[in-house]
Amino acid sequence: MKIAILGGDGFVGWPTTLHLSNLGHEVHIVDNLSRRWIDTELGVQSLTPMDSIQERCRIWHQETGRRIRFHLLDLAKEYERLKAWLADETPDAVIHFAEQRAAPYSMKSDRHKVYTVNNNTNATHNLLAALVETGIDAHLVHLGTMGVYGYSSVGAPIPEGYLDVEIDTPSGKRSQEILYPTKPGSVYHMTKSLDQILFQFYAQNDGLRITDLHQGIVWGTHTDQTRRHEQLINRFDYDGDYGTVLNRFLIQAAIGYPLTVHGTGGQTRAFIHIQDSVRCIELALGDAPEAGDRVKIFNQMTETHRVRDLAELVARLSGAEVAYLPNPRKEAAENDLIVKNDQFRALGLDPTTLADGLLSEVVEVARKYAHRIDRSRVPAVSAWTKELGTKVDHDPEKKGLRRVS
Ligand code: NAD
Ligand code: USQ
């Protein structure tokens, strides 16, 4: 297949690119490199040293003889170029990762909220409009999030996107299938909820073939392909905005930094290892909907964990301290989470779990590159409300704040 990977320079996009190229597909990356610019804005860098995207593609070619093409294009701002590119290249599938994906970054300030909504909503809508206009019959696979469902404990498993409801009508009860109600917890997660509606409309109105993957928190760093050469290494975010919880705990353990649990750590979240994430995308590509079908929605996660249990697990493995900090986010202090992931299991996904020894692999990577870590960038300082931001200090290394379990 000829596959366009929008956002292919990112944390999930790059290993997906290599995985699909390795399987023999013709892969094209489209990216505006905004994620690299955001690192500059925030004054942080990936834990792992990343080469330019052109150099990464050159190394892959040298290693495997396979070519990956890179195209510098902003999906949100360059509609006409995007349309022309799709018309010229006519990919069989388009994988859409190209959005601003950090909840804390999206809540940093009004400017960051506006940027995240403009970037994500325009990127998705421009892509949909261009697919219709060019008339190419590409399967669109979007990386959505488990976070669209929200984190209230409903006591029932979260289905894969759709919910059957019964409505009382004057002529009796009628059943209807609806999109599972959204309850986003950040401006970023809200944009993913908006994406869902855009997909629903374009699938029903124009017959676009769309798969939306509601992914949990991705952890780990290496995949089989990024291990092949030092310069193919994946990015690894550890800072308070882009670092996600388990990867943060693992690098914190590696550098002797207290594990930064927000609040009581009672938040339960869905997780998936990066190797499984790329495999799921491969499986979704092979299971495309037909024109006229509803949007196909998968829950792309393999296990759920409570944040404090993860911290305790990492502390046991590494001897790290655990710091319970004031929570900069507005979120439920405690929630349960049961998620259905039957579709990927039926397609053959064999989950990699936390127990598979990969936790120590991340700690080793972090130890190797520990000299690149700026400890002052570890605290999560983006607050969901002004009140949460000004009242508390989130740095566990500051004297008097640390409460160790
Ligand atoms: P990332 O920030 O590392 O990568 C996103 C890539 O998209 C970057 O290379 C960025 O430069 C590019 N991009 C952003 N806006 C663009 C635009 N307007 N035009 C062109 N390129 C643009 O993010 P990631 O962690 O790889 O996540 C990829 C996708 O998966 C995101 O959509 C995210 O919402 C979703 N997701 C990620 C996780 C996770 O834990 N990382 C979990 C669930 C879902
Ligand atoms: N948390 C801590 N300590 C930390 C960092 C986070 O306790 O140092 C807590 C947060 O308060 C939150 C939970 O851990 O309760 C998860 O936070 P996170 O930053 O790991 O994940 P989140 O903000 O939800 O976002 C990440 C990705 C996003 C993706 C989402 C999937 O950045 O792109 O959509 O995971 S999900 O969480 O399933 O919605």
# chains A, B, ... in the order shown; residues from 1 in each chain; ligands from 1
>>> residues_near_ligand(ligand="ligand 1", cutoff="7 Å", atoms="only C-alpha atoms and all ligand atoms", output="PyMOL selection string")
chain A and resi 6-13+30-36+73-77+96-101+119-120+123+143-146+214-219+244
>>> residues_near_ligand(ligand="ligand 2", cutoff="7 Å", atoms="only C-alpha atoms and all ligand atoms", output="PyMOL selection string")
chain A and resi 101-104+144-148+189+215-218+240+242-246+248-249+260-263+265+267+269-271+307+327+329+331+380
>>> write_last_selection(atoms="C-alpha atoms", output="mmCIF file, in the first residue's frame")
data_model
loop_
_atom_site.group_PDB
_atom_site.id
_atom_site.type_symbol
_atom_site.label_atom_id
_atom_site.label_comp_id
_atom_site.auth_asym_id
_atom_site.auth_seq_id
_atom_site.Cartn_x
_atom_site.Cartn_y
_atom_site.Cartn_z
ATOM 1 C CA ARG A 101 -1.372 16.130 21.770
ATOM 2 C CA ALA A 102 -0.435 17.301 25.273
ATOM 3 C CA ALA A 103 -3.269 18.090 27.669
ATOM 4 C CA PRO A 104 -1.054 20.254 29.958
ATOM 5 C CA GLY A 144 -7.946 9.594 18.832
ATOM 6 C CA THR A 145 -7.906 9.169 22.586
ATOM 7 C CA MET A 146 -9.532 7.196 25.392
ATOM 8 C CA GLY A 147 -9.914 10.602 27.052
ATOM 9 C CA VAL A 148 -12.943 11.476 24.885
ATOM 10 C CA HIS A 189 -9.144 16.092 24.748
ATOM 11 C CA GLN A 215 -5.832 5.193 22.237
ATOM 12 C CA GLY A 216 -4.747 5.049 25.866
ATOM 13 C CA ILE A 217 -1.479 6.454 27.251
ATOM 14 C CA VAL A 218 1.445 5.155 25.223
ATOM 15 C CA GLY A 240 5.899 18.405 32.759
ATOM 16 C CA TYR A 242 4.601 16.382 27.150
ATOM 17 C CA GLY A 243 5.922 13.586 29.366
ATOM 18 C CA THR A 244 3.182 11.058 30.104
ATOM 19 C CA VAL A 245 2.783 9.511 33.488
ATOM 20 C CA LEU A 246 4.460 6.105 33.284
ATOM 21 C CA ARG A 248 7.845 10.151 33.559
ATOM 22 C CA PHE A 249 7.935 7.834 36.564
ATOM 23 C CA THR A 260 5.432 12.943 40.898
ATOM 24 C CA VAL A 261 1.988 11.565 41.756
ATOM 25 C CA HIS A 262 -0.798 14.118 41.304
ATOM 26 C CA GLY A 263 -3.187 14.196 44.241
ATOM 27 C CA GLY A 265 -2.933 9.018 42.540
ATOM 28 C CA GLN A 267 -6.801 8.236 38.745
ATOM 29 C CA ARG A 269 -6.040 5.295 33.071
ATOM 30 C CA ALA A 270 -5.688 3.018 30.042
ATOM 31 C CA PHE A 271 -2.197 2.139 28.755
ATOM 32 C CA VAL A 307 -1.505 6.122 38.974
ATOM 33 C CA ASN A 327 -2.844 18.124 41.480
ATOM 34 C CA ARG A 329 -5.359 19.327 36.896
ATOM 35 C CA GLU A 331 -9.942 15.741 37.340
ATOM 36 C CA ALA A 380 4.192 19.685 35.881
#
>>> atom_distance(atom1="CA of Leu310 (chain A)", atom2="CA of Val339 (chain A)")
18.3 Å
>>> residues_around(residues="Ile59 (chain A)", least_positions_apart="4", cutoff="9 Å", atoms="only C-alpha atoms", output="list in words")
Gln54, Glu55, Glu63, Thr64, His229, Gln231 and Leu232 of chain A
>>> write_last_selection(atoms="C-alpha atoms", output="tab-separated table (two decimals), in the first residue's frame")
chain	number	residue	atom	x	y	z
A	54	GLN	CA	15.76	13.83	6.76
A	55	GLU	CA	18.72	12.18	8.51
A	63	GLU	CA	19.98	0.11	6.95
A	64	THR	CA	17.17	-1.44	4.93
A	229	HIS	CA	20.30	1.84	14.69
A	231	GLN	CA	20.05	7.22	14.91
A	232	LEU	CA	16.62	5.63	14.45
>>> atom_distance(atom1="CA of Ile274 (chain A)", atom2="CA of Gly357 (chain A)")
14.0 Å
>>> closest_atom_pairs(of="region 339-369 of chain A", to="region 156-171 of chain A", cutoff="9 Å", atoms="only C-alpha atoms", output="CSV")
residue,atom,partner,partner_atom,distance
A:Val339,CA,A:Ile158,CA,4.7
A:Lys340,CA,A:Pro159,CA,5.5
A:Asn341,CA,A:Glu160,CA,7.1
A:Asp342,CA,A:Glu160,CA,8.5
A:Gln343,CA,A:Glu160,CA,8.2
>>> atom_distance(atom1="CA of Ile233 (chain A)", atom2="CA of Val365 (chain A)")
10.4 Å
>>> select_by_dssp(residues="region 26-271 of chain A", states="strand (DSSP E or B)", output="ChimeraX atom specification")
/A:26-31,68-72,93-96,139-145,158,162-169,172-179,209-215,217-219,259-262,266,268-271
>>> select_by_dssp(residues="region 173-368 of chain A", states="helix (DSSP H, G or I)", output="PyMOL selection string")
chain A and resi 187-206+226-228+230-232+245-254+274-285+307-318+342-346+354-356+358-368
>>> residues_around(residues="Ser109 (chain A)", least_positions_apart="6", cutoff="12 Å", atoms="only C-alpha atoms", output="list in words")
Ala103, Tyr115, Thr116, Val187, Val381, Ser382, Ala383, Trp384, Thr385, Lys386 and Gly389 of chain A
>>> residues_around(residues="Gln225 (chain A)", least_positions_apart="3", cutoff="12 Å", atoms="only C-alpha atoms", output="ChimeraX atom specification")
/A:14-23,56,59-60,63-64,221-222,228-234,274-275,278
>>> write_last_selection(atoms="N, CA, C and O atoms", output="mmCIF file, in the first residue's frame")
data_model
loop_
_atom_site.group_PDB
_atom_site.id
_atom_site.type_symbol
_atom_site.label_atom_id
_atom_site.label_comp_id
_atom_site.auth_asym_id
_atom_site.auth_seq_id
_atom_site.Cartn_x
_atom_site.Cartn_y
_atom_site.Cartn_z
ATOM 1 N N TRP A 14 6.718 8.165 14.262
ATOM 2 C CA TRP A 14 8.004 7.685 13.726
ATOM 3 C C TRP A 14 8.104 6.154 13.790
ATOM 4 O O TRP A 14 8.367 5.500 12.781
ATOM 5 N N PRO A 15 7.872 5.527 14.944
ATOM 6 C CA PRO A 15 7.926 4.052 14.947
ATOM 7 C C PRO A 15 6.862 3.403 14.066
ATOM 8 O O PRO A 15 7.096 2.330 13.506
ATOM 9 N N THR A 16 5.722 4.083 13.881
ATOM 10 C CA THR A 16 4.699 3.542 12.968
ATOM 11 C C THR A 16 5.225 3.576 11.535
ATOM 12 O O THR A 16 5.054 2.628 10.756
ATOM 13 N N THR A 17 5.877 4.687 11.195
ATOM 14 C CA THR A 17 6.471 4.824 9.858
ATOM 15 C C THR A 17 7.442 3.677 9.590
ATOM 16 O O THR A 17 7.381 3.013 8.536
ATOM 17 N N LEU A 18 8.328 3.422 10.548
ATOM 18 C CA LEU A 18 9.337 2.373 10.354
ATOM 19 C C LEU A 18 8.665 0.999 10.275
ATOM 20 O O LEU A 18 9.037 0.156 9.449
ATOM 21 N N HIS A 19 7.675 0.777 11.142
ATOM 22 C CA HIS A 19 6.982 -0.515 11.170
ATOM 23 C C HIS A 19 6.328 -0.790 9.811
ATOM 24 O O HIS A 19 6.460 -1.889 9.258
ATOM 25 N N LEU A 20 5.653 0.217 9.261
ATOM 26 C CA LEU A 20 4.924 -0.001 8.002
ATOM 27 C C LEU A 20 5.885 -0.078 6.817
ATOM 28 O O LEU A 20 5.670 -0.855 5.883
ATOM 29 N N SER A 21 6.966 0.702 6.867
ATOM 30 C CA SER A 21 7.973 0.613 5.810
ATOM 31 C C SER A 21 8.617 -0.773 5.845
ATOM 32 O O SER A 21 8.826 -1.407 4.806
ATOM 33 N N ASN A 22 8.875 -1.258 7.045
ATOM 34 C CA ASN A 22 9.491 -2.579 7.203
ATOM 35 C C ASN A 22 8.601 -3.685 6.637
ATOM 36 O O ASN A 22 9.088 -4.699 6.160
ATOM 37 N N LEU A 23 7.290 -3.456 6.696
ATOM 38 C CA LEU A 23 6.362 -4.458 6.153
ATOM 39 C C LEU A 23 6.269 -4.383 4.625
ATOM 40 O O LEU A 23 5.540 -5.152 4.003
ATOM 41 N N ARG A 56 17.068 10.845 9.721
ATOM 42 C CA ARG A 56 16.447 9.580 10.154
ATOM 43 C C ARG A 56 16.056 8.739 8.927
ATOM 44 O O ARG A 56 16.282 7.532 8.899
ATOM 45 N N ILE A 59 19.151 7.225 7.280
ATOM 46 C CA ILE A 59 19.694 6.073 8.022
ATOM 47 C C ILE A 59 18.833 4.833 7.755
ATOM 48 O O ILE A 59 19.338 3.732 7.571
ATOM 49 N N TRP A 60 17.526 5.027 7.719
ATOM 50 C CA TRP A 60 16.626 3.892 7.455
ATOM 51 C C TRP A 60 16.912 3.290 6.076
ATOM 52 O O TRP A 60 16.977 2.078 5.902
ATOM 53 N N GLU A 63 20.104 1.371 6.204
ATOM 54 C CA GLU A 63 19.976 0.113 6.946
ATOM 55 C C GLU A 63 19.178 -0.940 6.194
ATOM 56 O O GLU A 63 19.440 -2.132 6.308
ATOM 57 N N THR A 64 18.144 -0.486 5.457
ATOM 58 C CA THR A 64 17.170 -1.439 4.926
ATOM 59 C C THR A 64 17.011 -1.399 3.417
ATOM 60 O O THR A 64 16.371 -2.290 2.842
ATOM 61 N N THR A 221 9.625 3.257 24.709
ATOM 62 C CA THR A 221 10.251 4.104 23.705
ATOM 63 C C THR A 221 10.679 3.307 22.471
ATOM 64 O O THR A 221 10.418 3.700 21.356
ATOM 65 N N HIS A 222 11.296 2.142 22.683
ATOM 66 C CA HIS A 222 11.798 1.394 21.534
ATOM 67 C C HIS A 222 10.731 0.498 20.912
ATOM 68 O O HIS A 222 9.869 -0.028 21.615
ATOM 69 N N ARG A 228 17.087 -0.740 15.697
ATOM 70 C CA ARG A 228 18.022 -1.217 14.671
ATOM 71 C C ARG A 228 19.249 -0.344 14.494
ATOM 72 O O ARG A 228 20.270 -0.790 13.989
ATOM 73 N N HIS A 229 19.151 0.929 14.859
ATOM 74 C CA HIS A 229 20.301 1.836 14.695
ATOM 75 C C HIS A 229 20.125 2.974 15.698
ATOM 76 O O HIS A 229 19.013 3.443 15.899
ATOM 77 N N GLU A 230 21.240 3.404 16.267
ATOM 78 C CA GLU A 230 21.172 4.470 17.277
ATOM 79 C C GLU A 230 20.458 5.712 16.754
ATOM 80 O O GLU A 230 19.750 6.393 17.488
ATOM 81 N N GLN A 231 20.650 6.002 15.464
ATOM 82 C CA GLN A 231 20.053 7.217 14.909
ATOM 83 C C GLN A 231 18.593 7.031 14.496
ATOM 84 O O GLN A 231 17.965 7.970 14.030
ATOM 85 N N LEU A 232 18.061 5.836 14.700
ATOM 86 C CA LEU A 232 16.625 5.628 14.447
ATOM 87 C C LEU A 232 15.838 5.748 15.748
ATOM 88 O O LEU A 232 14.625 5.536 15.781
ATOM 89 N N ILE A 233 16.504 6.112 16.808
ATOM 90 C CA ILE A 233 15.880 6.136 18.138
ATOM 91 C C ILE A 233 14.624 7.018 18.146
ATOM 92 O O ILE A 233 14.538 8.014 17.423
ATOM 93 N N ASN A 234 13.670 6.609 18.958
ATOM 94 C CA ASN A 234 12.417 7.382 19.042
ATOM 95 C C ASN A 234 12.606 8.570 19.974
ATOM 96 O O ASN A 234 13.489 8.561 20.832
ATOM 97 N N ILE A 274 4.297 1.110 23.182
ATOM 98 C CA ILE A 274 4.511 1.646 21.832
ATOM 99 C C ILE A 274 4.586 0.542 20.762
ATOM 100 O O ILE A 274 4.084 0.707 19.656
ATOM 101 N N GLN A 275 5.141 -0.605 21.125
ATOM 102 C CA GLN A 275 5.214 -1.717 20.153
ATOM 103 C C GLN A 275 3.811 -2.201 19.777
ATOM 104 O O GLN A 275 3.531 -2.514 18.618
ATOM 105 N N VAL A 278 1.975 0.436 17.411
ATOM 106 C CA VAL A 278 2.252 0.341 15.960
ATOM 107 C C VAL A 278 1.598 -0.906 15.356
ATOM 108 O O VAL A 278 1.133 -0.894 14.219
#
>>> closest_residue(among="A:Glu80, A:Glu303, A:Asp374, A:Asp137", to="Glu290 (chain A)", atoms="only C-alpha atoms")
A:Asp137
>>> closest_residue(among="A:Ile281, A:Ala130, A:Met190, A:Val363", to="Asp206 (chain A)", atoms="only C-alpha atoms")
A:Ala130
>>> residues_around(residues="Gly292 (chain A)", least_positions_apart="4", cutoff="8 Å", atoms="only C-alpha atoms", output="ChimeraX atom specification")
/A:203-204,206-209
>>> closest_residue(among="A:Val117, A:Ile178, A:Cys57, A:Ile251", to="Asp239 (chain A)", atoms="only C-alpha atoms")
A:Ile251
>>> closest_residue(among="A:Ala291, A:Ala253, A:Ile297, A:Met1", to="Leu313 (chain A)", atoms="only C-alpha atoms")
A:Ala253
